[in-house]
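Note sheet for the following structure.
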Amino acid sequence: MQIVKRQPVIWLLLAFLITGAVYAVATPLFEASDELWHYPMVQHLSRGGALPVQDPANVGPWRQEASQPPLYYYLMGWATAWIDTSDMPQVRWLNPHVDNGVITPDGNTNLVVHTSAENFPWRGAVLAVRLIRLLSVLMSAGTVLFTYLTAREFFDDEPSRLAAAGLVAFIPMFAFISGAVNNDNLASLLSAAILFILVRISGQRLAVSSQPSAVANYQLPITNQQSFALGLLLGLAALTKQSALGLFALTGLTLIAISLQPSAISAHSAIVHSFIVHCSLIFIPALLLPSWWYYRNLTLYGDLLGWNAFIAVLGKRAAPASLLQLWGERESFTRSFWGLFGGVNIPMSDWIYTALNTIALVALIGLALFIVQSAITLFRHLPSATRHSPFAARYLLLFGHLALIGYGLIQWATITWSSQGRLIFSGLSAIGVLIALGLRTILPTRIRPLALAAIILFMAAVTVVAPFAFIAPAYADPPALTPDQIAAIPHRANVDFGAPGFPAEMRLLGYSLDSAFATPGSQLTLILYWQSLVAMDRDWSVFVHVIDENQIVVAQRDTFPGLGLMPTRKWEVGRTLADTYVTTIPPTTYAPSEAAIEIGLYDYATGDRLLVATEGGPDAGRDALTLSPLAIAANPGSAPNPQSFNFGGQIELIGYDMDRRALSPGESLTLTLHWRGLKPMAKNYSVFAHVRGAGETLWGQSDSWPLDGAAPTAAWAPNQIVADIRVLPLKFDTPPGVYDVEVGLYDERGVRLQLLLPDGRLTDNFVYLSKIRVLP
């Protein structure tokens, strides 16, 4: 007890352990970032399975995680091998419609369907996942501890040390990931331990003997045992996550910096000998330990890191992102650093992000002030500056660690959609110390302890509240309707749905629609009131379609009932609920148009639809029910179907028109594209307009300079508007169906212009306009 009183950090660690355990228990299974794929990898290895070989055609339940270094998965597999997890297919009940990584206005955020099997007492796969989560919390507690120990090397006052550790412990996203099956937890622990060792030895001077032969006894300030242990940690880190590979370079640079201390110049031969010995003790085990894994990547995939196999499963951007585009993704990056839960689709309140970003901004200003002050001090005392070199080296270590992590992430995010702040958690120890340094620099000395405590308490409060305020409500089953709610339904329907020859299964009690009018880019809010009529053994999905006069679906929303939470196999007879569907009308929708809203139920696995079973109505026997007409009006603008698509900062598509949207094979579609030049252009760009079918098949196309060459883009003046009329003849063997019409531009080398968003992000190199229907 006396130890606890003397060491407040123990209280901090206990608080974190409790908080992490709360996340581990409160977060529904597989609703943490990538846990849906991390755990199947653990389970596979726990059963003695061999490491999977990545195959994009057969990704397995672990998907891209089979490309990750396997240490975490092996350790957690060994820890849970005694548990019978054969029930995982039942527990891991996937939601096929989930909006993964997308924040939606109506929900559908659950990656899996949750049942009472997840409740305590835990058994089978539930027990295994919960146990791994709790073990991961212990790993993350180690990260917090090493952050505190690292802070002790920089700060003399206990409040600053505790602040550095607390700034890590009470990042809501860190607590969330800590309570999840995720290899980030082991990677963060090992990275924090390695950084602490490097900081500690970088702050020490060379060991010098006091004997006359001192020149021969200069040594690096690290024992042989410590060097070997550091090598083992580096090897384990490289076998956990590739983001730790930068620590190899950081370790080498640290040893070089220590060896170049001015006091050792006269004994360079002894230092070189010591340097070689310690490099051998560190890097031989560090390289040997994970070498088999990287050699395996090279053998299987022809890539040492295995990135090509990883990306083949994960997917990549349509074109590599520029730094400007990555900067445009900073909001999602910062949100996923502070706390973006579930499948990166459950946010906290906006004011919380504002508050946390403000703390970080103040810390950055303080950090900049510290750097300026340190530079001034250095230049003022230049002749004696060497006295401060170990101290300066330790700060360079923190910045260098983050720079290496940032460089690796930029390389990765340039190729894939991975602008997530949680991917720098292996550098949290350095981040915590630097934020604490910035805050203590800018805060007045007399209020510093109180202000730091207030910041940590605020972050702790947010972290503790988040599971109950944001996570749990997102996965709560929708309540049943009360008699008063049923009586107040605006539009009563009482339409039954069922399979031919069987009793009706679902009844639409009624609906509510916010408007019978829409415009391209607007949203429709539709509430459907459902009741089950029988116990169902199939999962029926709900579809909401906006379908126009050409029978083209221009907008749709498909989910399990309960916005993903209540598939029909969970329903008892007579169960009722109200589902709110928010459907967005695409901005390129052709208008004006007379459309209608149709709804229905279908089996996602087979495509089978339930039929309207209520007799007497116009939709009786159909596989869809028409609820209401919907008039889609055009947005105001100088061109028909006004748009604003910026192609590479060169040309803007401001609108388009079609002479028809239903035609037969062999007929031609006349498409008018309204362009605006944004600046003088040195190149003549060609316009492409394609009628695209499945895959890469083109059933009609027109590729040429604007106006068939009569209006080359190099001759356009800024703000000049060109109405580019194109005729797209359909092939005579075009099958009947619905087709996309895509347009874009390319230069003489065939390089397409990418779309430039207002925030600077570059996205696709084409635009889909209105769909067309090809008649039989």
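A note on labels: chains of the structure tokens are A, B, ... as shown, every chain counts residues from 1, and ligands are counted from 1 in their shown order.
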- request: Using only C-alpha atoms, determine which residues lie at most 9 Å from Ala32 (chain A), disregarding the query and same-chain residues fewer than 2 positions distant; provide the list as a PyMOL selection string.
  value: chain A and resi 27-30+34-36+176-177+179-182+341-344
message: Need to verify the contact set: Asp708 (chain A), 10 Å, only C-alpha atoms, exclusion of same-chain residues closer than 2 positions in sequence. Can you return it as JSON, numbers by chain?
response: {"A": [686, 687, 702, 703, 704, 705, 706, 710, 711, 712, 724, 725, 726]}
Write the residues of the selection above to a file with N, CA, C and O atoms, as a PDB file, in the first residue's frame.
ATOM      1  N   SER A 686      -8.831  14.794 -74.698  1.00  0.00           N
ATOM      2  CA  SER A 686      -9.932  14.076 -75.345  1.00  0.00           C
ATOM      3  C   SER A 686     -11.002  13.760 -74.321  1.00  0.00           C
ATOM      4  O   SER A 686     -10.699  13.479 -73.153  1.00  0.00           O
ATOM      5  N   VAL A 687     -12.246  13.791 -74.763  1.00  0.00           N
ATOM      6  CA  VAL A 687     -13.383  13.440 -73.918  1.00  0.00           C
ATOM      7  C   VAL A 687     -13.798  12.009 -74.249  1.00  0.00           C
ATOM      8  O   VAL A 687     -13.859  11.647 -75.424  1.00  0.00           O
ATOM      9  N   SER A 702     -17.908   7.146 -77.349  1.00  0.00           N
ATOM     10  CA  SER A 702     -17.499   8.276 -78.186  1.00  0.00           C
ATOM     11  C   SER A 702     -16.257   8.867 -77.551  1.00  0.00           C
ATOM     12  O   SER A 702     -16.300   9.336 -76.407  1.00  0.00           O
ATOM     13  N   ASP A 703     -15.131   8.820 -78.252  1.00  0.00           N
ATOM     14  CA  ASP A 703     -13.859   9.364 -77.773  1.00  0.00           C
ATOM     15  C   ASP A 703     -13.335  10.349 -78.811  1.00  0.00           C
ATOM     16  O   ASP A 703     -13.068   9.965 -79.959  1.00  0.00           O
ATOM     17  N   SER A 704     -13.189  11.613 -78.425  1.00  0.00           N
ATOM     18  CA  SER A 704     -12.654  12.613 -79.353  1.00  0.00           C
ATOM     19  C   SER A 704     -12.415  13.901 -78.591  1.00  0.00           C
ATOM     20  O   SER A 704     -12.828  14.061 -77.442  1.00  0.00           O
ATOM     21  N   TRP A 705     -11.729  14.850 -79.254  1.00  0.00           N
ATOM     22  CA  TRP A 705     -11.674  16.195 -78.712  1.00  0.00           C
ATOM     23  C   TRP A 705     -13.108  16.756 -78.674  1.00  0.00           C
ATOM     24  O   TRP A 705     -13.989  16.278 -79.402  1.00  0.00           O
ATOM     25  N   PRO A 706     -13.364  17.753 -77.834  1.00  0.00           N
ATOM     26  CA  PRO A 706     -14.717  18.329 -77.765  1.00  0.00           C
ATOM     27  C   PRO A 706     -15.208  18.768 -79.144  1.00  0.00           C
ATOM     28  O   PRO A 706     -14.435  19.246 -79.983  1.00  0.00           O
ATOM     29  N   ALA A 710     -13.581  20.260 -83.094  1.00  0.00           N
ATOM     30  CA  ALA A 710     -13.789  21.665 -83.454  1.00  0.00           C
ATOM     31  C   ALA A 710     -13.498  22.612 -82.299  1.00  0.00           C
ATOM     32  O   ALA A 710     -13.389  23.821 -82.520  1.00  0.00           O
ATOM     33  N   ALA A 711     -13.366  22.071 -81.070  1.00  0.00           N
ATOM     34  CA  ALA A 711     -13.128  22.936 -79.907  1.00  0.00           C
ATOM     35  C   ALA A 711     -12.011  22.343 -79.055  1.00  0.00           C
ATOM     36  O   ALA A 711     -12.251  21.874 -77.937  1.00  0.00           O
ATOM     37  N   PRO A 712     -10.759  22.326 -79.547  1.00  0.00           N
ATOM     38  CA  PRO A 712      -9.659  21.770 -78.755  1.00  0.00           C
ATOM     39  C   PRO A 712      -9.467  22.542 -77.457  1.00  0.00           C
ATOM     40  O   PRO A 712      -9.557  23.775 -77.449  1.00  0.00           O
ATOM     41  N   ASP A 724     -20.729  20.278 -75.586  1.00  0.00           N
ATOM     42  CA  ASP A 724     -20.095  19.213 -76.378  1.00  0.00           C
ATOM     43  C   ASP A 724     -21.122  18.126 -76.671  1.00  0.00           C
ATOM     44  O   ASP A 724     -21.487  17.338 -75.802  1.00  0.00           O
ATOM     45  N   ILE A 725     -21.612  18.077 -77.918  1.00  0.00           N
ATOM     46  CA  ILE A 725     -22.644  17.115 -78.312  1.00  0.00           C
ATOM     47  C   ILE A 725     -21.977  15.837 -78.827  1.00  0.00           C
ATOM     48  O   ILE A 725     -21.115  15.890 -79.700  1.00  0.00           O
ATOM     49  N   ARG A 726     -22.388  14.693 -78.263  1.00  0.00           N
ATOM     50  CA  ARG A 726     -21.783  13.407 -78.616  1.00  0.00           C
ATOM     51  C   ARG A 726     -22.879  12.402 -78.949  1.00  0.00           C
ATOM     52  O   ARG A 726     -23.908  12.366 -78.290  1.00  0.00           O
TER      53      ARG A 726
END
With only C-alpha atoms as the counted atoms, please give the residues lying no more than 7 Å from Pro680 (chain A), apart from itself and same-chain residues fewer than 2 positions off, as a compact mmCIF listing (two decimals) with N, CA and C atoms, in the first residue's frame.
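Final output, selection.txt:
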# COMPACT_ATOMS: atom_id res chain seq x y z
N ALA A 682 -2.43 23.88 -71.72
CA ALA A 682 -1.42 23.65 -72.74
C ALA A 682 -1.68 22.38 -73.52
N TRP A 716 -9.26 26.93 -75.38
CA TRP A 716 -10.30 27.49 -74.51
C TRP A 716 -9.75 28.63 -73.67
N ALA A 717 -10.59 29.63 -73.47
CA ALA A 717 -10.28 30.72 -72.54
C ALA A 717 -10.82 30.35 -71.16
N PRO A 718 -10.23 30.85 -70.10
CA PRO A 718 -10.78 30.59 -68.77
C PRO A 718 -12.25 30.99 -68.69
What are the closest atom pairs, with distances in Å to one decimal, for all residues of region 452-483 of chain A lying within 7 Å of region 569-581 of chain A? Consider only C-alpha atoms, order rows by chain and residue number, and present the result as CSV.
residue,atom,partner,partner_atom,distance
A:Pro478,CA,A:Leu577,CA,6.7
A:Pro479,CA,A:Leu577,CA,6.4
A:Ala480,CA,A:Leu577,CA,5.0
A:Leu481,CA,A:Leu577,CA,5.5
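Near Thr559 (chain A), within 10 Å and counting only C-alpha atoms, sit Asn95, Pro96, His97, Val98, Asp99, Gly107, Asn108, Trp540, Ser541, Val542, Phe543, Val544, Leu565, Met566, Pro567, Tyr581, Leu601 and Tyr604 of chain A; same-chain residues fewer than 6 positions away were not included.
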- prompt: Do you know which residues are at most 9 Å from region 351-353 of chain A counting only C-alpha atoms, after dropping those on the same chain fewer than 4 positions away, and could you put them as a list in words?
  reply: Thr334, Arg335, Trp338, Gly339, Asn357, Thr358 and Val462 of chain A
Preceding selection exported with N, CA and C atoms as a PDB file, in the first residue's frame:
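Contents of the output file again.pdb:
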ATOM      1  N   THR A 334      -7.836  12.540 -37.823  1.00  0.00           N
ATOM      2  CA  THR A 334      -7.854  12.964 -36.417  1.00  0.00           C
ATOM      3  C   THR A 334      -9.009  12.313 -35.661  1.00  0.00           C
ATOM      4  N   ARG A 335     -10.144  12.158 -36.315  1.00  0.00           N
ATOM      5  CA  ARG A 335     -11.269  11.513 -35.633  1.00  0.00           C
ATOM      6  C   ARG A 335     -10.959  10.065 -35.292  1.00  0.00           C
ATOM      7  N   TRP A 338      -8.642  10.038 -32.195  1.00  0.00           N
ATOM      8  CA  TRP A 338      -9.263  10.304 -30.892  1.00  0.00           C
ATOM      9  C   TRP A 338     -10.336   9.277 -30.552  1.00  0.00           C
ATOM     10  N   GLY A 339     -11.142   8.896 -31.516  1.00  0.00           N
ATOM     11  CA  GLY A 339     -12.200   7.934 -31.213  1.00  0.00           C
ATOM     12  C   GLY A 339     -13.248   7.871 -32.302  1.00  0.00           C
ATOM     13  N   ASN A 357      -8.898  18.303 -30.259  1.00  0.00           N
ATOM     14  CA  ASN A 357      -8.022  18.939 -31.242  1.00  0.00           C
ATOM     15  C   ASN A 357      -7.442  20.243 -30.707  1.00  0.00           C
ATOM     16  N   THR A 358      -8.226  20.956 -29.895  1.00  0.00           N
ATOM     17  CA  THR A 358      -7.728  22.196 -29.292  1.00  0.00           C
ATOM     18  C   THR A 358      -6.574  21.904 -28.337  1.00  0.00           C
ATOM     19  N   VAL A 462     -14.245  11.553 -20.801  1.00  0.00           N
ATOM     20  CA  VAL A 462     -14.733  11.218 -22.141  1.00  0.00           C
ATOM     21  C   VAL A 462     -14.529   9.736 -22.427  1.00  0.00           C
TER      22      VAL A 462
END
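Nearest residue to Trp62 (chain A) among A:Asn719, A:Thr223, A:Gln43, A:Thr104 is A:Gln43, counting only C-alpha atoms.
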- prompt: as a PyMOL selection string, which residues of region 332-545 of chain A does DSSP assign to strand (DSSP E)?
  reply: chain A and resi 340-341+346-347+491-498+506-513+517-518+523-532+540-545
With C-alpha atoms retained, export the selected residues as a PDB file, in the first residue's frame.
ATOM      1  CA  LEU A 340     -14.164   6.567 -34.159  1.00  0.00           C
ATOM      2  CA  PHE A 341     -15.632   3.340 -32.906  1.00  0.00           C
ATOM      3  CA  ILE A 346     -19.571   5.365 -34.863  1.00  0.00           C
ATOM      4  CA  PRO A 347     -18.410   8.893 -33.994  1.00  0.00           C
ATOM      5  CA  HIS A 491     -50.090   6.177 -43.741  1.00  0.00           C
ATOM      6  CA  ARG A 492     -51.669   2.831 -42.888  1.00  0.00           C
ATOM      7  CA  ALA A 493     -50.928  -0.023 -45.287  1.00  0.00           C
ATOM      8  CA  ASN A 494     -51.491  -3.453 -43.649  1.00  0.00           C
ATOM      9  CA  VAL A 495     -49.873  -5.193 -46.606  1.00  0.00           C
ATOM     10  CA  ASP A 496     -48.586  -8.742 -46.106  1.00  0.00           C
ATOM     11  CA  PHE A 497     -45.539 -10.309 -47.750  1.00  0.00           C
ATOM     12  CA  GLY A 498     -45.050 -14.043 -48.228  1.00  0.00           C
ATOM     13  CA  MET A 506     -44.141 -10.031 -42.714  1.00  0.00           C
ATOM     14  CA  ARG A 507     -46.705  -7.256 -42.593  1.00  0.00           C
ATOM     15  CA  LEU A 508     -46.107  -3.630 -43.449  1.00  0.00           C
ATOM     16  CA  LEU A 509     -48.327  -1.791 -40.976  1.00  0.00           C
ATOM     17  CA  GLY A 510     -47.718   1.562 -42.641  1.00  0.00           C
ATOM     18  CA  TYR A 511     -45.167   4.186 -43.484  1.00  0.00           C
ATOM     19  CA  SER A 512     -44.169   7.820 -43.125  1.00  0.00           C
ATOM     20  CA  LEU A 513     -42.452   9.831 -45.863  1.00  0.00           C
ATOM     21  CA  PHE A 517     -40.569  15.849 -53.835  1.00  0.00           C
ATOM     22  CA  ALA A 518     -36.794  15.546 -54.214  1.00  0.00           C
ATOM     23  CA  GLN A 523     -32.109  12.922 -48.996  1.00  0.00           C
ATOM     24  CA  LEU A 524     -35.422  11.173 -48.413  1.00  0.00           C
ATOM     25  CA  THR A 525     -36.440   9.952 -44.983  1.00  0.00           C
ATOM     26  CA  LEU A 526     -38.828   7.002 -44.997  1.00  0.00           C
ATOM     27  CA  ILE A 527     -40.109   5.218 -41.888  1.00  0.00           C
ATOM     28  CA  LEU A 528     -41.484   1.697 -42.353  1.00  0.00           C
ATOM     29  CA  TYR A 529     -43.553   0.059 -39.610  1.00  0.00           C
ATOM     30  CA  TRP A 530     -43.215  -3.744 -39.624  1.00  0.00           C
ATOM     31  CA  GLN A 531     -44.779  -6.691 -37.847  1.00  0.00           C
ATOM     32  CA  SER A 532     -43.799 -10.366 -38.035  1.00  0.00           C
ATOM     33  CA  TRP A 540     -35.161 -11.258 -45.247  1.00  0.00           C
ATOM     34  CA  SER A 541     -33.516  -7.989 -46.210  1.00  0.00           C
ATOM     35  CA  VAL A 542     -35.524  -4.821 -46.797  1.00  0.00           C
ATOM     36  CA  PHE A 543     -35.000  -2.826 -49.985  1.00  0.00           C
ATOM     37  CA  VAL A 544     -36.116   0.753 -50.539  1.00  0.00           C
ATOM     38  CA  HIS A 545     -35.909   1.763 -54.212  1.00  0.00           C
TER      39      HIS A 545
END
- request: Please identify which residues in region 341-579 of chain A DSSP calls helix (DSSP H, G or I) from the backbone, and express them as an MDAnalysis selection string.
  value: chainID A and resid 350:380 382:415 421:442 448:474 483:487 568:570
message: Residues within 12 Å of Pro52 (chain A), please, as a list in words. Count only C-alpha atoms; anything in the same chain fewer than 5 positions from it doesn't count.
response: Pro40, Met41, Val42, His44, Leu45, Asn58, Val59, Gly60, Pro61, Trp62, Arg63, Gln64, Glu65, Ala66, Ser67, Gln68, Pro69, Pro70, Arg296, Asn297, Leu300 and Ala309 of chain A
Write a file of the just-selected residues containing N, CA, C and O atoms, as a PDB file, in the first residue's frame.
ATOM      1  N   PRO A  40     -10.557 -14.516 -36.430  1.00  0.00           N
ATOM      2  CA  PRO A  40     -10.475 -15.768 -37.194  1.00  0.00           C
ATOM      3  C   PRO A  40      -9.028 -16.218 -37.437  1.00  0.00           C
ATOM      4  O   PRO A  40      -8.761 -17.424 -37.492  1.00  0.00           O
ATOM      5  N   MET A  41      -8.123 -15.260 -37.573  1.00  0.00           N
ATOM      6  CA  MET A  41      -6.714 -15.625 -37.719  1.00  0.00           C
ATOM      7  C   MET A  41      -6.201 -16.290 -36.442  1.00  0.00           C
ATOM      8  O   MET A  41      -5.508 -17.311 -36.483  1.00  0.00           O
ATOM      9  N   VAL A  42      -6.572 -15.730 -35.290  1.00  0.00           N
ATOM     10  CA  VAL A  42      -6.182 -16.330 -34.008  1.00  0.00           C
ATOM     11  C   VAL A  42      -6.771 -17.725 -33.879  1.00  0.00           C
ATOM     12  O   VAL A  42      -6.077 -18.685 -33.518  1.00  0.00           O
ATOM     13  N   HIS A  44      -7.793 -19.821 -36.130  1.00  0.00           N
ATOM     14  CA  HIS A  44      -7.190 -20.771 -37.086  1.00  0.00           C
ATOM     15  C   HIS A  44      -5.873 -21.311 -36.549  1.00  0.00           C
ATOM     16  O   HIS A  44      -5.620 -22.522 -36.587  1.00  0.00           O
ATOM     17  N   LEU A  45      -5.034 -20.423 -36.020  1.00  0.00           N
ATOM     18  CA  LEU A  45      -3.737 -20.863 -35.502  1.00  0.00           C
ATOM     19  C   LEU A  45      -3.894 -21.623 -34.196  1.00  0.00           C
ATOM     20  O   LEU A  45      -3.110 -22.538 -33.910  1.00  0.00           O
ATOM     21  N   ASN A  58      -9.965 -16.255 -52.872  1.00  0.00           N
ATOM     22  CA  ASN A  58     -10.460 -17.021 -51.719  1.00  0.00           C
ATOM     23  C   ASN A  58      -9.816 -16.436 -50.462  1.00  0.00           C
ATOM     24  O   ASN A  58      -8.839 -16.964 -49.944  1.00  0.00           O
ATOM     25  N   VAL A  59     -10.401 -15.342 -49.960  1.00  0.00           N
ATOM     26  CA  VAL A  59      -9.730 -14.541 -48.935  1.00  0.00           C
ATOM     27  C   VAL A  59      -9.818 -15.155 -47.548  1.00  0.00           C
ATOM     28  O   VAL A  59      -9.020 -14.827 -46.667  1.00  0.00           O
ATOM     29  N   GLY A  60     -10.788 -16.034 -47.312  1.00  0.00           N
ATOM     30  CA  GLY A  60     -10.923 -16.622 -45.981  1.00  0.00           C
ATOM     31  C   GLY A  60     -11.508 -15.631 -44.995  1.00  0.00           C
ATOM     32  O   GLY A  60     -11.595 -14.429 -45.262  1.00  0.00           O
ATOM     33  N   PRO A  61     -11.911 -16.101 -43.807  1.00  0.00           N
ATOM     34  CA  PRO A  61     -12.535 -15.207 -42.829  1.00  0.00           C
ATOM     35  C   PRO A  61     -11.567 -14.197 -42.234  1.00  0.00           C
ATOM     36  O   PRO A  61     -11.990 -13.256 -41.565  1.00  0.00           O
ATOM     37  N   TRP A  62     -10.260 -14.366 -42.448  1.00  0.00           N
ATOM     38  CA  TRP A  62      -9.264 -13.439 -41.915  1.00  0.00           C
ATOM     39  C   TRP A  62      -8.929 -12.335 -42.898  1.00  0.00           C
ATOM     40  O   TRP A  62      -8.258 -11.389 -42.563  1.00  0.00           O
ATOM     41  N   ARG A  63      -9.364 -12.454 -44.121  1.00  0.00           N
ATOM     42  CA  ARG A  63      -9.122 -11.474 -45.185  1.00  0.00           C
ATOM     43  C   ARG A  63      -7.664 -11.005 -45.200  1.00  0.00           C
ATOM     44  O   ARG A  63      -6.752 -11.812 -45.181  1.00  0.00           O
ATOM     45  N   GLN A  64      -7.431  -9.672 -45.171  1.00  0.00           N
ATOM     46  CA  GLN A  64      -6.075  -9.157 -45.321  1.00  0.00           C
ATOM     47  C   GLN A  64      -5.186  -9.407 -44.110  1.00  0.00           C
ATOM     48  O   GLN A  64      -3.954  -9.276 -44.196  1.00  0.00           O
ATOM     49  N   GLU A  65      -5.785  -9.781 -42.964  1.00  0.00           N
ATOM     50  CA  GLU A  65      -4.968  -9.949 -41.758  1.00  0.00           C
ATOM     51  C   GLU A  65      -4.014 -11.137 -41.873  1.00  0.00           C
ATOM     52  O   GLU A  65      -3.051 -11.224 -41.104  1.00  0.00           O
ATOM     53  N   ALA A  66      -4.231 -12.038 -42.812  1.00  0.00           N
ATOM     54  CA  ALA A  66      -3.291 -13.136 -43.022  1.00  0.00           C
ATOM     55  C   ALA A  66      -1.960 -12.630 -43.566  1.00  0.00           C
ATOM     56  O   ALA A  66      -0.975 -13.370 -43.576  1.00  0.00           O
ATOM     57  N   SER A  67      -1.921 -11.367 -44.021  1.00  0.00           N
ATOM     58  CA  SER A  67      -0.667 -10.777 -44.497  1.00  0.00           C
ATOM     59  C   SER A  67       0.115 -10.104 -43.380  1.00  0.00           C
ATOM     60  O   SER A  67       1.225  -9.619 -43.611  1.00  0.00           O
ATOM     61  N   GLN A  68      -0.466 -10.046 -42.178  1.00  0.00           N
ATOM     62  CA  GLN A  68       0.218  -9.396 -41.057  1.00  0.00           C
ATOM     63  C   GLN A  68       1.231 -10.364 -40.439  1.00  0.00           C
ATOM     64  O   GLN A  68       0.998 -11.576 -40.400  1.00  0.00           O
ATOM     65  N   PRO A  69       2.354  -9.851 -39.918  1.00  0.00           N
ATOM     66  CA  PRO A  69       3.257 -10.720 -39.149  1.00  0.00           C
ATOM     67  C   PRO A  69       2.492 -11.415 -38.026  1.00  0.00           C
ATOM     68  O   PRO A  69       1.593 -10.822 -37.422  1.00  0.00           O
ATOM     69  N   PRO A  70       2.813 -12.680 -37.711  1.00  0.00           N
ATOM     70  CA  PRO A  70       1.876 -13.515 -36.948  1.00  0.00           C
ATOM     71  C   PRO A  70       2.092 -13.617 -35.439  1.00  0.00           C
ATOM     72  O   PRO A  70       1.386 -14.389 -34.794  1.00  0.00           O
ATOM     73  N   ARG A 296       9.388 -15.921 -46.200  1.00  0.00           N
ATOM     74  CA  ARG A 296       8.153 -16.564 -46.665  1.00  0.00           C
ATOM     75  C   ARG A 296       7.402 -15.622 -47.618  1.00  0.00           C
ATOM     76  O   ARG A 296       6.894 -16.057 -48.660  1.00  0.00           O
ATOM     77  N   ASN A 297       7.308 -14.337 -47.260  1.00  0.00           N
ATOM     78  CA  ASN A 297       6.657 -13.365 -48.140  1.00  0.00           C
ATOM     79  C   ASN A 297       7.346 -13.314 -49.492  1.00  0.00           C
ATOM     80  O   ASN A 297       6.692 -13.283 -50.548  1.00  0.00           O
ATOM     81  N   LEU A 300       6.559 -16.597 -51.435  1.00  0.00           N
ATOM     82  CA  LEU A 300       5.172 -16.775 -51.872  1.00  0.00           C
ATOM     83  C   LEU A 300       4.697 -15.675 -52.805  1.00  0.00           C
ATOM     84  O   LEU A 300       3.972 -15.940 -53.778  1.00  0.00           O
ATOM     85  N   ALA A 309       0.268  -8.855 -51.820  1.00  0.00           N
ATOM     86  CA  ALA A 309      -0.802  -9.782 -51.430  1.00  0.00           C
ATOM     87  C   ALA A 309      -1.809  -9.092 -50.525  1.00  0.00           C
ATOM     88  O   ALA A 309      -3.025  -9.305 -50.636  1.00  0.00           O
TER      89      ALA A 309
END
